[in-house]
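What follows is one structure encoded as structure tokens, with my remarks underneath.
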Amino acid sequence: MNTIPSIFNEHKVSYTVFGGTDENLKVLIPSVTCVVLSRNGRHYRQVAIENLLRKGFSKVISISQKSEQHSIEQLTHLFPSVEFIVTLEDVPQGEMLNIAFDRANTDYVLVVQEELCGENFIFNSSLAEKLISKKQFCVAPRLVSESGQRIPVVFCPDVRKGKLSVEEETSMTDSQFTLYPYDYAGFYNRETFCLLGGYDYTITSEYWQKLDLFVRSWLWGEKISISNVLELTYAESVPEEDRTVELSYLRFYLKNILPVFVSDHARISKSSFLRFKFGNSCGFVESWHQFKDAIRWTSDNQYRFKTDIISLIENWGK
């Protein structure tokens with residue numbers, strides 16, 4: 001497994017950029033770039049782009065996998081102000097967002113999936129100002145299914161049988177905290193995203209890669225909440241999260257569960273190695289290399305920690 005990245009966008013994914021040659025002549029929200037994630041081919045793309053351009057974002061970035069290149073080339077003629085990015089490697093959506101945030105040129109970024117940008121999509125400068133005033137790393141939307149049902153978007157950290165558990169809450173109030181935004185959708189502070197290091201490319205599971213970034217953000221003193229004024233509706237069935245515990249979990253565990261906050265910094269005790277080793281199926285040498293890498297990474301970032309996972313769970317919602 002590769003070493004834990006130390007800086008934002010350390011892994012340079014190969015990608016091609018199409019379009020973005022013309023300026024958007026109708027900029028109504030100059031402080032916000034909209035990043036559109038694509039995972040369903042071009043079924044919703046043209047409608048989504050048309051709706052987003054009408055809102056007047058400073059910049060619209062659409063990012064998709066390499067299989068979409070042919071259809072993208074056609075769309076650049078219809079929407080020359082939109083920057084279409086096609087990754088030339090199969091990467092999780094978290095790494096796609098690293099690329100998009102790197103190319104964004106505004107203080108804030110709205111992230112949406114293509115199927116959330118239908119005719120009911122609402123966003124304007126007044127809404128942007130309300131979200132900016134929260135001064136948070138990320139403000140997540142309320143989400144509605146295509147049938148009109150509310151989707152659980154509040155996630156809380158807990159402990160079950162001595163292990164981290166993420167619980168869903170069905171009830172929701174405005175400004176309620178959530179561990180992470182569902183399906184990446186949210187209004188982000190771009191500088192904070194970059195300072196946090198973005199998504200860790202060495203974690204290949206989308207779920208654990210996402211949880212790694214957002215748990216890290218909480219441990220480093222940032223906040224994520226839900227906003228009632230930001231509501232998005234899916235145009236098709238809602239995707240399920242794959243929470244399978246596999247090798248990606250080990251990297252998440254090393255970075256977010258093992259560090260202990262002491263006084264004004266975090267550290268990993270060497271005495272915790274045996275607990276880590278006997279909790280995974282890797283060999284002794286590989287486990288030791290990963291453990292030492294986590295100690296190095298935690299030491300490099302020791303003063304960025306403001307709490308540890310135990311205290312985060314104990315004080316959640318207080």
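FYI, nothing fancy with the structure tokens labels: chains A, B, ... in order, residues from 1 per chain, ligands from 1 as they appear.
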
Task: segment 152-168 of chain A environment, 10 Å, only C-alpha atoms, sequence neighbours closer than 3 positions dropped, as a PyMOL selection string - done: chain A and resi 140-144+149+171-173+176-183+211+215+225-226+243+253+257+309-310+312-314+316-317

Could those residues be written to a file, using C-alpha atoms, as a PDB file, in the first residue's frame?
ATOM      1  CA  ALA A 140     -24.916  19.383   3.223  1.00  0.00           C
ATOM      2  CA  PRO A 141     -28.351  19.512   1.566  1.00  0.00           C
ATOM      3  CA  ARG A 142     -31.591  17.833   2.400  1.00  0.00           C
ATOM      4  CA  LEU A 143     -32.132  15.142  -0.208  1.00  0.00           C
ATOM      5  CA  VAL A 144     -35.381  13.860  -1.681  1.00  0.00           C
ATOM      6  CA  GLN A 149     -39.479  10.610   0.105  1.00  0.00           C
ATOM      7  CA  SER A 171     -35.284  13.070  11.992  1.00  0.00           C
ATOM      8  CA  MET A 172     -33.521  16.255  10.949  1.00  0.00           C
ATOM      9  CA  THR A 173     -33.427  19.861  12.090  1.00  0.00           C
ATOM     10  CA  GLN A 176     -27.960  19.699  12.661  1.00  0.00           C
ATOM     11  CA  PHE A 177     -24.476  18.216  12.529  1.00  0.00           C
ATOM     12  CA  THR A 178     -23.697  15.245  10.318  1.00  0.00           C
ATOM     13  CA  LEU A 179     -20.510  13.202  10.121  1.00  0.00           C
ATOM     14  CA  TYR A 180     -20.410  13.532   6.337  1.00  0.00           C
ATOM     15  CA  PRO A 181     -22.597  14.627   3.389  1.00  0.00           C
ATOM     16  CA  TYR A 182     -24.500  11.893   1.607  1.00  0.00           C
ATOM     17  CA  ASP A 183     -23.380  11.185  -1.973  1.00  0.00           C
ATOM     18  CA  LEU A 211     -15.345   8.748   5.652  1.00  0.00           C
ATOM     19  CA  VAL A 215     -13.809  12.164  10.060  1.00  0.00           C
ATOM     20  CA  SER A 225     -24.105  20.480   9.065  1.00  0.00           C
ATOM     21  CA  ILE A 226     -27.396  20.117   7.213  1.00  0.00           C
ATOM     22  CA  ARG A 243     -19.824  -0.020   3.562  1.00  0.00           C
ATOM     23  CA  TYR A 253      -8.385   3.009  11.030  1.00  0.00           C
ATOM     24  CA  ILE A 257      -9.040   5.663  15.113  1.00  0.00           C
ATOM     25  CA  ILE A 309     -12.316   9.726  17.901  1.00  0.00           C
ATOM     26  CA  ILE A 310     -13.341   8.800  21.462  1.00  0.00           C
ATOM     27  CA  LEU A 312     -15.660  13.162  19.183  1.00  0.00           C
ATOM     28  CA  ILE A 313     -18.168  10.383  19.846  1.00  0.00           C
ATOM     29  CA  GLU A 314     -18.624  11.294  23.522  1.00  0.00           C
ATOM     30  CA  TRP A 316     -21.226  14.536  19.510  1.00  0.00           C
ATOM     31  CA  GLY A 317     -24.097  17.010  19.268  1.00  0.00           C
TER      32      GLY A 317
END

Open item on the list: At a cut-off of 8 Å, using only C-alpha atoms, what residues contact Tyr201 of chain A? Leave out same-chain residues fewer than 4 positions from it and give the result as a list in words.
Closed with: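 The contact residues come out as Pro5, His11, Glu95 and Gln209 of chain A.
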
Open item on the list: At a cut-off of 12 Å, using only C-alpha atoms, what residues contact Leu195 of chain A? Leave out same-chain residues fewer than 3 positions from it and give the result as JSON, numbers by chain.
Closed with: {"A": [6, 7, 8, 9, 98, 101, 102, 137, 189, 190, 191, 192, 198, 199, 213, 216, 217, 220, 222, 301, 304]}

- [ ] Give the strand (DSSP E or B) residues of segment 7-144 of chain A, as assigned by DSSP on the backbone, as a ChimeraX atom specification.
- [x] /A:15-19,29-37,57-64,83-87,108-113,138-144

Take the residues from that selection and write them out as a compact mmCIF listing (two decimals), in the first residue's frame, keeping N, CA, C and O atoms.
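Writing done, so here's out.txt:
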# COMPACT_ATOMS: atom_id res chain seq x y z
N TYR A 15 -5.79 13.12 -16.91
CA TYR A 15 -7.12 13.52 -17.36
C TYR A 15 -7.00 14.46 -18.55
O TYR A 15 -5.95 15.03 -18.83
N THR A 16 -8.11 14.60 -19.28
CA THR A 16 -8.18 15.51 -20.42
C THR A 16 -9.27 16.55 -20.16
O THR A 16 -10.33 16.22 -19.61
N VAL A 17 -9.01 17.78 -20.55
CA VAL A 17 -9.99 18.85 -20.37
C VAL A 17 -10.53 19.26 -21.74
O VAL A 17 -9.77 19.53 -22.67
N PHE A 18 -11.85 19.29 -21.83
CA PHE A 18 -12.52 19.75 -23.05
C PHE A 18 -13.30 21.03 -22.72
O PHE A 18 -13.87 21.15 -21.63
N GLY A 19 -13.37 21.93 -23.65
CA GLY A 19 -14.18 23.13 -23.46
C GLY A 19 -13.57 24.09 -22.46
O GLY A 19 -12.37 24.11 -22.20
N ILE A 29 -23.42 34.35 -9.53
CA ILE A 29 -22.88 33.86 -8.24
C ILE A 29 -21.37 33.77 -8.40
O ILE A 29 -20.80 32.68 -8.56
N PRO A 30 -20.65 34.90 -8.35
CA PRO A 30 -19.22 34.91 -8.67
C PRO A 30 -18.33 34.17 -7.70
O PRO A 30 -17.19 33.84 -8.03
N SER A 31 -18.82 33.88 -6.51
CA SER A 31 -17.98 33.24 -5.49
C SER A 31 -18.06 31.72 -5.50
O SER A 31 -17.39 31.05 -4.70
N VAL A 32 -18.87 31.14 -6.41
CA VAL A 32 -19.14 29.70 -6.36
C VAL A 32 -18.88 29.02 -7.71
O VAL A 32 -19.38 29.46 -8.75
N THR A 33 -18.10 27.94 -7.67
CA THR A 33 -17.96 27.03 -8.80
C THR A 33 -18.87 25.83 -8.54
O THR A 33 -18.95 25.34 -7.41
N CYS A 34 -19.56 25.38 -9.58
CA CYS A 34 -20.39 24.18 -9.44
C CYS A 34 -19.67 23.01 -10.09
O CYS A 34 -19.30 23.08 -11.27
N VAL A 35 -19.47 21.94 -9.33
CA VAL A 35 -18.83 20.73 -9.84
C VAL A 35 -19.89 19.65 -9.95
O VAL A 35 -20.56 19.32 -8.97
N VAL A 36 -20.04 19.11 -11.16
CA VAL A 36 -21.03 18.08 -11.43
C VAL A 36 -20.34 16.74 -11.61
O VAL A 36 -19.49 16.57 -12.50
N LEU A 37 -20.69 15.78 -10.78
CA LEU A 37 -20.14 14.43 -10.88
C LEU A 37 -21.05 13.57 -11.75
O LEU A 37 -22.28 13.61 -11.61
N PHE A 57 -23.45 30.38 -12.11
CA PHE A 57 -22.23 30.10 -11.35
C PHE A 57 -21.03 30.74 -12.04
O PHE A 57 -21.01 30.91 -13.26
N SER A 58 -20.01 31.04 -11.24
CA SER A 58 -18.79 31.59 -11.82
C SER A 58 -18.19 30.63 -12.84
O SER A 58 -17.69 31.05 -13.88
N LYS A 59 -18.30 29.34 -12.53
CA LYS A 59 -17.73 28.33 -13.41
C LYS A 59 -18.48 27.03 -13.18
O LYS A 59 -18.89 26.73 -12.06
N VAL A 60 -18.69 26.26 -14.24
CA VAL A 60 -19.28 24.94 -14.14
C VAL A 60 -18.26 23.92 -14.64
O VAL A 60 -17.74 24.04 -15.74
N ILE A 61 -17.97 22.93 -13.79
CA ILE A 61 -17.04 21.86 -14.13
C ILE A 61 -17.81 20.54 -14.10
O ILE A 61 -18.41 20.20 -13.08
N SER A 62 -17.78 19.83 -15.21
CA SER A 62 -18.39 18.51 -15.27
C SER A 62 -17.27 17.49 -15.38
O SER A 62 -16.41 17.60 -16.25
N ILE A 63 -17.27 16.49 -14.50
CA ILE A 63 -16.17 15.52 -14.50
C ILE A 63 -16.73 14.11 -14.56
O ILE A 63 -17.70 13.76 -13.87
N SER A 64 -16.12 13.30 -15.42
CA SER A 64 -16.60 11.93 -15.64
C SER A 64 -15.44 11.01 -15.97
O SER A 64 -14.29 11.45 -16.12
N GLU A 83 -16.33 23.54 -18.41
CA GLU A 83 -15.09 22.78 -18.45
C GLU A 83 -15.42 21.31 -18.20
O GLU A 83 -15.81 20.93 -17.10
N PHE A 84 -15.29 20.50 -19.23
CA PHE A 84 -15.55 19.07 -19.12
C PHE A 84 -14.22 18.35 -18.89
O PHE A 84 -13.29 18.46 -19.69
N ILE A 85 -14.14 17.61 -17.80
CA ILE A 85 -12.93 16.87 -17.45
C ILE A 85 -13.22 15.38 -17.57
O ILE A 85 -14.22 14.88 -17.03
N VAL A 86 -12.36 14.67 -18.27
CA VAL A 86 -12.49 13.22 -18.42
C VAL A 86 -11.24 12.58 -17.85
O VAL A 86 -10.13 12.82 -18.35
N THR A 87 -11.39 11.78 -16.81
CA THR A 87 -10.23 11.08 -16.24
C THR A 87 -9.84 9.94 -17.17
O THR A 87 -10.69 9.26 -17.73
N TYR A 108 -15.66 29.05 -2.98
CA TYR A 108 -16.62 28.02 -2.59
C TYR A 108 -16.96 27.13 -3.78
O TYR A 108 -16.92 27.57 -4.94
N VAL A 109 -17.30 25.88 -3.46
CA VAL A 109 -17.63 24.91 -4.51
C VAL A 109 -18.90 24.17 -4.11
O VAL A 109 -19.00 23.63 -3.01
N LEU A 110 -19.86 24.17 -5.02
CA LEU A 110 -21.07 23.36 -4.83
C LEU A 110 -20.86 22.06 -5.58
O LEU A 110 -20.61 22.06 -6.80
N VAL A 111 -20.96 20.92 -4.89
CA VAL A 111 -20.79 19.61 -5.50
C VAL A 111 -22.14 18.93 -5.61
O VAL A 111 -22.88 18.84 -4.62
N VAL A 112 -22.47 18.47 -6.82
CA VAL A 112 -23.74 17.78 -7.04
C VAL A 112 -23.52 16.61 -8.01
O VAL A 112 -22.64 16.65 -8.85
N GLN A 113 -24.34 15.59 -7.85
CA GLN A 113 -24.39 14.53 -8.84
C GLN A 113 -25.28 15.00 -9.99
O GLN A 113 -26.21 15.79 -9.80
N CYS A 138 -18.22 22.35 5.24
CA CYS A 138 -19.20 21.82 4.31
C CYS A 138 -20.60 21.96 4.88
O CYS A 138 -20.83 21.70 6.08
N VAL A 139 -21.53 22.38 4.04
CA VAL A 139 -22.95 22.41 4.40
C VAL A 139 -23.65 21.44 3.46
O VAL A 139 -23.57 21.59 2.23
N ALA A 140 -24.29 20.43 4.02
CA ALA A 140 -24.92 19.38 3.22
C ALA A 140 -26.40 19.69 3.00
O ALA A 140 -27.05 20.31 3.83
N PRO A 141 -26.94 19.25 1.86
CA PRO A 141 -28.35 19.51 1.57
C PRO A 141 -29.29 18.48 2.15
O PRO A 141 -28.88 17.37 2.51
N ARG A 142 -30.55 18.84 2.22
CA ARG A 142 -31.59 17.83 2.40
C ARG A 142 -31.78 17.17 1.04
O ARG A 142 -31.75 17.84 0.01
N LEU A 143 -31.99 15.87 1.04
CA LEU A 143 -32.13 15.14 -0.21
C LEU A 143 -33.49 14.45 -0.27
O LEU A 143 -33.98 13.93 0.74
N VAL A 144 -34.06 14.44 -1.47
CA VAL A 144 -35.38 13.86 -1.68
C VAL A 144 -35.28 12.85 -2.81
O VAL A 144 -34.62 13.10 -3.84

Open item on the list: as a ChimeraX atom specification, please: the residues near Asp212 of chain A (cut-off 8 Å, only C-alpha atoms, same-chain neighbours under 6 positions excluded).
Closed with: /A:199-200,252,255-256

Since we have the selection now, will you write its residues out, keeping N, CA and C atoms, as a PDB file, in the first residue's frame?
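New file result_38.pdb:
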ATOM      1  N   TYR A 199      -9.158  14.095  -0.692  1.00  0.00           N
ATOM      2  CA  TYR A 199      -9.375  12.651  -0.554  1.00  0.00           C
ATOM      3  C   TYR A 199      -8.056  11.896  -0.700  1.00  0.00           C
ATOM      4  N   ASP A 200      -7.885  10.891   0.132  1.00  0.00           N
ATOM      5  CA  ASP A 200      -6.664  10.084   0.166  1.00  0.00           C
ATOM      6  C   ASP A 200      -6.725   9.025  -0.937  1.00  0.00           C
ATOM      7  N   PHE A 252      -8.012   3.846   6.912  1.00  0.00           N
ATOM      8  CA  PHE A 252      -8.923   4.715   7.664  1.00  0.00           C
ATOM      9  C   PHE A 252      -8.697   4.549   9.169  1.00  0.00           C
ATOM     10  N   LYS A 255      -5.417   6.205  10.455  1.00  0.00           N
ATOM     11  CA  LYS A 255      -5.387   7.666  10.419  1.00  0.00           C
ATOM     12  C   LYS A 255      -6.391   8.321  11.366  1.00  0.00           C
ATOM     13  N   ASN A 256      -7.488   7.611  11.662  1.00  0.00           N
ATOM     14  CA  ASN A 256      -8.575   8.259  12.384  1.00  0.00           C
ATOM     15  C   ASN A 256      -8.952   7.622  13.721  1.00  0.00           C
TER      16      ASN A 256
END

Open item on the list: as a PyMOL selection string, please: every residue in segment 166-267 of chain A that DSSP puts in alpha helix (DSSP H).
Closed with: chain A and resi 190-195+206-219+247-256

Task: Within 12 Å of His77 of chain A using only C-alpha atoms, minus same-chain residues under 2 positions, as a list of chain:residue names - done: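 Counting only the stated atoms, we get A:Phe18, A:Gly19, A:Gly20, A:Thr21, A:Asp22, A:Gln46, A:Ser71, A:Ile72, A:Glu73, A:Gln74, A:Leu75, A:Phe79, A:Pro80, A:Ser81, A:Val82, A:Glu83, A:Phe84.
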